[in-house]
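Participant: Here it is: the structure, laid out below.
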Amino acid sequence: MHRRREIESKLKGETLGRRGLLKRYEGSNQLRITPDLHVVKIGGHGIVDYGAPVLMPLAEEIGSLSRNHQMMVVTGGGVRVRHIMDIGLDLGMPTGVLAELSGKVSEQNALMVSVLLSGYGGTRIHSSDLLDLPMLLRMGILPVTHGTPPYGLYESPSEIGMIPAHRTDTGAFLMAEVLGAKSCILVKNVDGLFTENPFDNPDAELIEEITAAELLDLGMEDLVLEDKVVEMMQDAKCVRKVHIINGHVPGTLTRLLNGERVGSIIKA
């Protein structure tokens, strides 16, 4: 019976939580599945909810760029997520249920964006399709998916309140990390990360570059991206920086992919 409990391997008898064991694998190379891929997350609240005047020019720009760059588009939820969250919170829904509800909305946006990009090979994909990306990209498909990470009912309790901490920015970052993507770009309705909310304080200053640790130390009241992205960046193995740019200014994404300095960069 004792022999059945172990199989010969380098991890034989380990608890998988021993610090010495974990350190043994620190710095090991991680396979990059799609090393040339740009993960472009377009905000629901900051982009999609503005409708045709903002979304259609951005879709055209993304479609044109996809002819020369490998790209995957990730969508956020926006105002409809806030609406369903409001109802769910009033009804006392558990955090995991709120996560399930919000995911349905970002899926709706992924469907619409994939249709907008259909002329460029835009195709809606699901989380289970991520490992098919190398094949899909070689076929000329422009993948579009929603950003809500599939924690669902297993969403971890939030540090403060009940709103799920892992939302669509986090989902985009996690997809970029597991795929070993070339970049993770968050497309918002502001020019980047500011010292304060620029809509509340027009004198807020743009932070062009900052490390994740420095940003967390600032303890800012509100960020243009989810806190979890900044926290996770410190342990990232592949995605060591995140770009934040303004999708309301045509050509900004093009400039970034052409190597120009635009928006804000958060470094691990």
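Chain labels run A, B, ... following the order of the structure tokens; each chain numbers its residues from 1, and ligands are numbered from 1 in the order shown.
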Write out, as CSV, each residue of segment 229-267 of chain A that has an atom at most 9 Å from segment 34-57 of chain A, together with the closest pair of atoms and their distance in Å to one decimal, counting only C-alpha atoms, rows going by chain and rising number.

Facilitator:
residue,atom,partner,partner_atom,distance
A:Gly247,CA,A:Ile47,CA,6.9
A:His248,CA,A:Val54,CA,5.9
A:Val249,CA,A:Val54,CA,8.7
A:Pro250,CA,A:Pro57,CA,7.0
A:Leu257,CA,A:His38,CA,8.8

Participant: Only N, CA and C atoms, please: the residues just picked out, written as a PDB file, in the first residue's frame.

Facilitator:
ATOM      1  N   GLY A 247      -8.101  55.122 -26.158  1.00  0.00           N
ATOM      2  CA  GLY A 247      -8.735  54.639 -27.381  1.00  0.00           C
ATOM      3  C   GLY A 247      -9.639  55.640 -28.041  1.00  0.00           C
ATOM      4  N   HIS A 248      -9.796  56.809 -27.435  1.00  0.00           N
ATOM      5  CA  HIS A 248     -10.618  57.866 -28.028  1.00  0.00           C
ATOM      6  C   HIS A 248      -9.810  58.720 -28.996  1.00  0.00           C
ATOM      7  N   VAL A 249      -8.510  58.530 -29.017  1.00  0.00           N
ATOM      8  CA  VAL A 249      -7.637  59.292 -29.908  1.00  0.00           C
ATOM      9  C   VAL A 249      -7.173  58.369 -31.030  1.00  0.00           C
ATOM     10  N   PRO A 250      -7.741  58.513 -32.231  1.00  0.00           N
ATOM     11  CA  PRO A 250      -7.380  57.619 -33.331  1.00  0.00           C
ATOM     12  C   PRO A 250      -5.876  57.622 -33.591  1.00  0.00           C
ATOM     13  N   LEU A 257       2.240  50.404 -31.296  1.00  0.00           N
ATOM     14  CA  LEU A 257       2.779  49.206 -31.945  1.00  0.00           C
ATOM     15  C   LEU A 257       3.934  49.535 -32.891  1.00  0.00           C
TER      16      LEU A 257
END

Participant: Please provide as a compact mmCIF listing (two decimals) with N, CA, C and O atoms, in the first residue's frame all residues within 9 Å of Ser118 of chain A, with the sequence filter that same-chain residues fewer than 4 positions apart are discarded (counting only C-alpha atoms).

Facilitator:
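Final output, saved to result_28.txt:
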# COMPACT_ATOMS: atom_id res chain seq x y z
N GLY A 63 -8.42 46.33 -36.79
CA GLY A 63 -8.49 45.44 -37.95
C GLY A 63 -7.34 45.66 -38.90
O GLY A 63 -6.71 44.69 -39.38
N VAL A 113 -18.14 43.07 -30.70
CA VAL A 113 -16.85 43.48 -31.27
C VAL A 113 -16.38 42.49 -32.32
O VAL A 113 -15.82 42.87 -33.36
N SER A 114 -16.62 41.20 -32.10
CA SER A 114 -16.21 40.20 -33.11
C SER A 114 -16.96 40.42 -34.42
O SER A 114 -16.39 40.24 -35.50
N GLY A 122 -12.30 38.71 -37.65
CA GLY A 122 -12.71 38.72 -36.25
C GLY A 122 -13.61 37.55 -35.91
O GLY A 122 -14.63 37.34 -36.57
N THR A 123 -13.24 36.78 -34.90
CA THR A 123 -13.98 35.59 -34.52
C THR A 123 -14.03 35.50 -33.01
O THR A 123 -12.99 35.57 -32.34
N LEU A 142 -8.67 36.78 -36.35
CA LEU A 142 -8.46 37.79 -35.32
C LEU A 142 -9.34 37.42 -34.13
O LEU A 142 -10.54 37.67 -34.14

Participant: Please, which residues in segment 134-247 of chain A fall within 8 Å of segment 65-87 of chain A when counting only C-alpha atoms, and what is the closest atom pair and distance in Å to one decimal for each, ordered by chain then residue number, as CSV?

Facilitator:
residue,atom,partner,partner_atom,distance
A:Leu137,CA,A:Gln70,CA,7.0
A:Leu142,CA,A:Met72,CA,6.3
A:Pro143,CA,A:Met72,CA,5.1
A:Val144,CA,A:Val73,CA,4.7
A:Thr145,CA,A:Val74,CA,5.0
A:His146,CA,A:Thr75,CA,4.7
A:Gly147,CA,A:Val74,CA,5.4
A:Thr148,CA,A:Gly76,CA,7.4
A:Ile163,CA,A:Met85,CA,7.6
A:Thr168,CA,A:Gly76,CA,5.4
A:Asp169,CA,A:Gly76,CA,7.5
A:Ala172,CA,A:Val74,CA,6.3

Participant: Next, write the just-selected residues to a file, as a short mmCIF file (atom, residue, chain, number, x, y, z; two decimals), in the first residue's frame, keeping all heavy atoms as the atom set.

Facilitator:
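Output file selection.cif is given in full below:
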data_model
loop_
_atom_site.label_atom_id
_atom_site.label_comp_id
_atom_site.auth_asym_id
_atom_site.auth_seq_id
_atom_site.Cartn_x
_atom_site.Cartn_y
_atom_site.Cartn_z
N LEU A 137 -4.32 31.89 -35.32
CA LEU A 137 -3.57 33.03 -35.83
C LEU A 137 -2.95 32.72 -37.19
O LEU A 137 -2.92 33.56 -38.09
CB LEU A 137 -2.48 33.44 -34.84
CG LEU A 137 -3.00 34.02 -33.50
CD1 LEU A 137 -1.86 34.11 -32.49
CD2 LEU A 137 -3.62 35.39 -33.72
N LEU A 142 -8.67 36.78 -36.35
CA LEU A 142 -8.46 37.79 -35.32
C LEU A 142 -9.34 37.42 -34.13
O LEU A 142 -10.54 37.67 -34.14
CB LEU A 142 -8.81 39.18 -35.86
CG LEU A 142 -8.81 40.35 -34.86
CD1 LEU A 142 -7.48 40.45 -34.13
CD2 LEU A 142 -9.13 41.66 -35.59
N PRO A 143 -8.78 36.81 -33.11
CA PRO A 143 -9.59 36.31 -31.99
C PRO A 143 -10.11 37.44 -31.11
O PRO A 143 -9.40 38.41 -30.82
CB PRO A 143 -8.62 35.40 -31.23
CG PRO A 143 -7.27 35.92 -31.58
CD PRO A 143 -7.35 36.47 -32.96
N VAL A 144 -11.35 37.29 -30.68
CA VAL A 144 -11.99 38.25 -29.77
C VAL A 144 -12.61 37.45 -28.63
O VAL A 144 -13.34 36.49 -28.87
CB VAL A 144 -13.08 39.07 -30.48
CG1 VAL A 144 -13.70 40.07 -29.52
CG2 VAL A 144 -12.53 39.77 -31.72
N THR A 145 -12.31 37.83 -27.40
CA THR A 145 -12.87 37.12 -26.26
C THR A 145 -13.20 38.12 -25.17
O THR A 145 -12.80 39.28 -25.22
CB THR A 145 -11.89 36.05 -25.75
OG1 THR A 145 -12.55 35.23 -24.78
CG2 THR A 145 -10.65 36.67 -25.13
N HIS A 146 -13.94 37.67 -24.18
CA HIS A 146 -14.28 38.57 -23.08
C HIS A 146 -13.24 38.43 -21.97
O HIS A 146 -12.54 37.42 -21.87
CB HIS A 146 -15.68 38.25 -22.55
CG HIS A 146 -15.79 36.97 -21.79
ND1 HIS A 146 -15.73 36.92 -20.41
CD2 HIS A 146 -15.94 35.69 -22.19
CE1 HIS A 146 -15.85 35.68 -20.01
NE2 HIS A 146 -15.97 34.90 -21.07
N GLY A 147 -13.14 39.47 -21.14
CA GLY A 147 -12.05 39.52 -20.18
C GLY A 147 -12.34 38.97 -18.80
O GLY A 147 -11.40 38.81 -18.02
N THR A 148 -13.61 38.69 -18.47
CA THR A 148 -13.89 38.21 -17.13
C THR A 148 -13.21 36.87 -16.89
O THR A 148 -13.52 35.89 -17.57
CB THR A 148 -15.41 38.06 -16.90
OG1 THR A 148 -16.05 39.30 -17.19
CG2 THR A 148 -15.70 37.67 -15.45
N ILE A 163 -17.72 43.32 -4.15
CA ILE A 163 -17.50 43.37 -5.60
C ILE A 163 -16.29 42.52 -5.97
O ILE A 163 -15.23 42.64 -5.35
CB ILE A 163 -17.30 44.82 -6.07
CG1 ILE A 163 -18.59 45.63 -5.87
CG2 ILE A 163 -16.86 44.88 -7.52
CD1 ILE A 163 -18.47 47.09 -6.19
N THR A 168 -12.16 42.41 -15.70
CA THR A 168 -11.71 42.18 -17.07
C THR A 168 -10.27 42.64 -17.35
O THR A 168 -9.61 42.08 -18.21
CB THR A 168 -12.67 42.84 -18.07
OG1 THR A 168 -12.88 44.22 -17.72
CG2 THR A 168 -14.02 42.13 -18.04
N ASP A 169 -9.78 43.68 -16.66
CA ASP A 169 -8.36 44.02 -16.80
C ASP A 169 -7.50 42.84 -16.34
O ASP A 169 -6.51 42.48 -16.98
CB ASP A 169 -8.00 45.26 -15.97
CG ASP A 169 -8.56 46.55 -16.53
OD1 ASP A 169 -9.02 46.55 -17.69
OD2 ASP A 169 -8.55 47.56 -15.80
N ALA A 172 -7.56 39.98 -18.87
CA ALA A 172 -6.69 40.25 -20.02
C ALA A 172 -5.23 40.02 -19.65
O ALA A 172 -4.46 39.41 -20.42
CB ALA A 172 -6.88 41.69 -20.50
#

Participant: Please report, as a PyMOL selection string, each residue of segment 31-201 of chain A to which DSSP assigns helix (DSSP H, G or I) when run on this structure's backbone.

Facilitator: chain A and resi 48-50+52-65+79-90+95-116+118-120+127-138+152-154+168-179

Participant: I want to know what sits within 12 Å of Leu223 of chain A, based on only C-alpha atoms, with residues of the same chain fewer than 2 positions away left out; could you give that as a ChimeraX atom specification?

Facilitator: /A:169,188,190,192-198,207,215-216,218-221,225-230,244

Participant: State, in Å with one decimal place, the distance from atom CA of Lys237 of chain A to atom CA of Tyr25 of chain A.

Facilitator: 11.7 Å

Participant: Can you work out the spacing between atom CA of Gly119 of chain A and atom CA of Gly180 of chain A in Å, to one decimal?

Facilitator: 27.1 Å

Participant: Report, in Å to a single decimal, how far apart atom CA of His243 of chain A and atom CA of Pro134 of chain A are.

Facilitator: 23.3 Å

Participant: Where in segment 32-236 of chain A does DSSP assign strand (DSSP E), given as a PDB file with N, CA and C atoms, in the first residue's frame?

Facilitator:
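Below is the file that was written, selection_10.pdb:
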ATOM      1  N   LEU A  37       2.229  37.864 -29.836  1.00  0.00           N
ATOM      2  CA  LEU A  37       0.840  38.309 -29.703  1.00  0.00           C
ATOM      3  C   LEU A  37       0.722  39.568 -28.855  1.00  0.00           C
ATOM      4  N   HIS A  38      -0.084  40.518 -29.343  1.00  0.00           N
ATOM      5  CA  HIS A  38      -0.453  41.696 -28.570  1.00  0.00           C
ATOM      6  C   HIS A  38      -1.870  41.480 -28.040  1.00  0.00           C
ATOM      7  N   VAL A  39      -2.016  41.441 -26.731  1.00  0.00           N
ATOM      8  CA  VAL A  39      -3.337  41.325 -26.115  1.00  0.00           C
ATOM      9  C   VAL A  39      -3.858  42.741 -25.899  1.00  0.00           C
ATOM     10  N   VAL A  40      -4.935  43.086 -26.605  1.00  0.00           N
ATOM     11  CA  VAL A  40      -5.486  44.443 -26.569  1.00  0.00           C
ATOM     12  C   VAL A  40      -6.848  44.396 -25.890  1.00  0.00           C
ATOM     13  N   LYS A  41      -6.922  44.947 -24.703  1.00  0.00           N
ATOM     14  CA  LYS A  41      -8.171  44.944 -23.950  1.00  0.00           C
ATOM     15  C   LYS A  41      -8.863  46.295 -24.122  1.00  0.00           C
ATOM     16  N   ILE A  42     -10.084  46.275 -24.665  1.00  0.00           N
ATOM     17  CA  ILE A  42     -10.840  47.510 -24.829  1.00  0.00           C
ATOM     18  C   ILE A  42     -11.906  47.571 -23.740  1.00  0.00           C
ATOM     19  N   GLN A  70       0.157  40.233 -34.817  1.00  0.00           N
ATOM     20  CA  GLN A  70      -0.712  39.252 -34.166  1.00  0.00           C
ATOM     21  C   GLN A  70      -1.422  39.928 -32.999  1.00  0.00           C
ATOM     22  N   MET A  71      -2.743  39.827 -32.989  1.00  0.00           N
ATOM     23  CA  MET A  71      -3.511  40.506 -31.957  1.00  0.00           C
ATOM     24  C   MET A  71      -4.641  39.629 -31.457  1.00  0.00           C
ATOM     25  N   MET A  72      -4.983  39.803 -30.188  1.00  0.00           N
ATOM     26  CA  MET A  72      -6.199  39.239 -29.627  1.00  0.00           C
ATOM     27  C   MET A  72      -6.909  40.360 -28.891  1.00  0.00           C
ATOM     28  N   VAL A  73      -8.185  40.539 -29.186  1.00  0.00           N
ATOM     29  CA  VAL A  73      -8.971  41.598 -28.569  1.00  0.00           C
ATOM     30  C   VAL A  73      -9.735  41.020 -27.384  1.00  0.00           C
ATOM     31  N   VAL A  74      -9.681  41.720 -26.264  1.00  0.00           N
ATOM     32  CA  VAL A  74     -10.376  41.312 -25.044  1.00  0.00           C
ATOM     33  C   VAL A  74     -11.326  42.440 -24.650  1.00  0.00           C
ATOM     34  N   THR A  75     -12.566  42.092 -24.330  1.00  0.00           N
ATOM     35  CA  THR A  75     -13.557  43.125 -24.019  1.00  0.00           C
ATOM     36  C   THR A  75     -13.900  43.175 -22.535  1.00  0.00           C
ATOM     37  N   GLY A 122     -12.302  38.714 -37.646  1.00  0.00           N
ATOM     38  CA  GLY A 122     -12.709  38.722 -36.249  1.00  0.00           C
ATOM     39  C   GLY A 122     -13.612  37.546 -35.914  1.00  0.00           C
ATOM     40  N   THR A 123     -13.242  36.782 -34.904  1.00  0.00           N
ATOM     41  CA  THR A 123     -13.985  35.587 -34.519  1.00  0.00           C
ATOM     42  C   THR A 123     -14.026  35.498 -33.009  1.00  0.00           C
ATOM     43  N   ARG A 124     -15.212  35.338 -32.477  1.00  0.00           N
ATOM     44  CA  ARG A 124     -15.336  35.212 -31.033  1.00  0.00           C
ATOM     45  C   ARG A 124     -14.805  33.857 -30.587  1.00  0.00           C
ATOM     46  N   LEU A 142      -8.671  36.785 -36.352  1.00  0.00           N
ATOM     47  CA  LEU A 142      -8.457  37.795 -35.324  1.00  0.00           C
ATOM     48  C   LEU A 142      -9.335  37.423 -34.133  1.00  0.00           C
ATOM     49  N   PRO A 143      -8.778  36.805 -33.107  1.00  0.00           N
ATOM     50  CA  PRO A 143      -9.592  36.315 -31.993  1.00  0.00           C
ATOM     51  C   PRO A 143     -10.111  37.441 -31.108  1.00  0.00           C
ATOM     52  N   VAL A 144     -11.350  37.290 -30.682  1.00  0.00           N
ATOM     53  CA  VAL A 144     -11.985  38.250 -29.772  1.00  0.00           C
ATOM     54  C   VAL A 144     -12.605  37.452 -28.631  1.00  0.00           C
ATOM     55  N   THR A 145     -12.310  37.830 -27.405  1.00  0.00           N
ATOM     56  CA  THR A 145     -12.868  37.124 -26.260  1.00  0.00           C
ATOM     57  C   THR A 145     -13.200  38.117 -25.168  1.00  0.00           C
ATOM     58  N   HIS A 146     -13.941  37.667 -24.183  1.00  0.00           N
ATOM     59  CA  HIS A 146     -14.281  38.566 -23.078  1.00  0.00           C
ATOM     60  C   HIS A 146     -13.242  38.427 -21.971  1.00  0.00           C
ATOM     61  N   SER A 183       2.820  41.706 -25.546  1.00  0.00           N
ATOM     62  CA  SER A 183       2.401  42.880 -24.792  1.00  0.00           C
ATOM     63  C   SER A 183       0.981  42.718 -24.284  1.00  0.00           C
ATOM     64  N   CYS A 184       0.670  43.495 -23.261  1.00  0.00           N
ATOM     65  CA  CYS A 184      -0.688  43.598 -22.733  1.00  0.00           C
ATOM     66  C   CYS A 184      -1.032  45.083 -22.727  1.00  0.00           C
ATOM     67  N   ILE A 185      -2.042  45.447 -23.502  1.00  0.00           N
ATOM     68  CA  ILE A 185      -2.391  46.850 -23.701  1.00  0.00           C
ATOM     69  C   ILE A 185      -3.823  47.073 -23.226  1.00  0.00           C
ATOM     70  N   LEU A 186      -4.002  47.996 -22.310  1.00  0.00           N
ATOM     71  CA  LEU A 186      -5.324  48.342 -21.813  1.00  0.00           C
ATOM     72  C   LEU A 186      -5.759  49.644 -22.465  1.00  0.00           C
ATOM     73  N   VAL A 187      -6.816  49.577 -23.258  1.00  0.00           N
ATOM     74  CA  VAL A 187      -7.305  50.746 -23.996  1.00  0.00           C
ATOM     75  C   VAL A 187      -8.444  51.373 -23.208  1.00  0.00           C
ATOM     76  N   LYS A 188      -8.238  52.603 -22.775  1.00  0.00           N
ATOM     77  CA  LYS A 188      -9.173  53.286 -21.884  1.00  0.00           C
ATOM     78  C   LYS A 188      -9.705  54.565 -22.536  1.00  0.00           C
ATOM     79  N   LEU A 193      -2.315  56.571 -16.921  1.00  0.00           N
ATOM     80  CA  LEU A 193      -2.428  56.570 -15.461  1.00  0.00           C
ATOM     81  C   LEU A 193      -2.114  57.968 -14.949  1.00  0.00           C
ATOM     82  N   PHE A 194      -3.022  58.518 -14.138  1.00  0.00           N
ATOM     83  CA  PHE A 194      -2.836  59.862 -13.591  1.00  0.00           C
ATOM     84  C   PHE A 194      -2.693  59.799 -12.070  1.00  0.00           C
ATOM     85  N   LEU A 206      -0.104  63.168 -15.554  1.00  0.00           N
ATOM     86  CA  LEU A 206       0.070  61.861 -16.185  1.00  0.00           C
ATOM     87  C   LEU A 206       1.335  61.205 -15.655  1.00  0.00           C
ATOM     88  N   ILE A 207       1.221  59.947 -15.252  1.00  0.00           N
ATOM     89  CA  ILE A 207       2.386  59.162 -14.830  1.00  0.00           C
ATOM     90  C   ILE A 207       2.817  58.327 -16.034  1.00  0.00           C
ATOM     91  N   GLU A 209       5.596  56.504 -16.517  1.00  0.00           N
ATOM     92  CA  GLU A 209       6.212  55.208 -16.218  1.00  0.00           C
ATOM     93  C   GLU A 209       6.338  55.043 -14.708  1.00  0.00           C
ATOM     94  N   ILE A 210       6.024  53.846 -14.225  1.00  0.00           N
ATOM     95  CA  ILE A 210       6.097  53.562 -12.799  1.00  0.00           C
ATOM     96  C   ILE A 210       6.167  52.054 -12.616  1.00  0.00           C
ATOM     97  N   THR A 211       6.776  51.603 -11.544  1.00  0.00           N
ATOM     98  CA  THR A 211       6.800  50.172 -11.271  1.00  0.00           C
ATOM     99  C   THR A 211       5.541  49.792 -10.492  1.00  0.00           C
TER     100      THR A 211
END

Participant: Give me, as number ranges by chain, all polymer residues having an atom no more than 9 Å from Pro94 of chain A, counting only C-alpha atoms and skipping those fewer than 5 positions away in the same chain.

Facilitator: A: 88-89, 99, 153, 157, 162-163

Participant: Next, the residues of the selection above should be written as an mmCIF file, in the first residue's frame with C-alpha atoms.

Facilitator:
data_model
loop_
_atom_site.group_PDB
_atom_site.id
_atom_site.type_symbol
_atom_site.label_atom_id
_atom_site.label_comp_id
_atom_site.auth_asym_id
_atom_site.auth_seq_id
_atom_site.Cartn_x
_atom_site.Cartn_y
_atom_site.Cartn_z
ATOM 1 C CA GLY A 88 -26.984 41.944 -7.079
ATOM 2 C CA LEU A 89 -25.506 43.914 -4.195
ATOM 3 C CA ALA A 99 -18.650 37.373 -10.792
ATOM 4 C CA LEU A 153 -18.513 30.929 -8.297
ATOM 5 C CA PRO A 157 -13.604 36.941 -1.242
ATOM 6 C CA MET A 162 -18.309 42.203 -2.051
ATOM 7 C CA ILE A 163 -17.503 43.368 -5.600
#
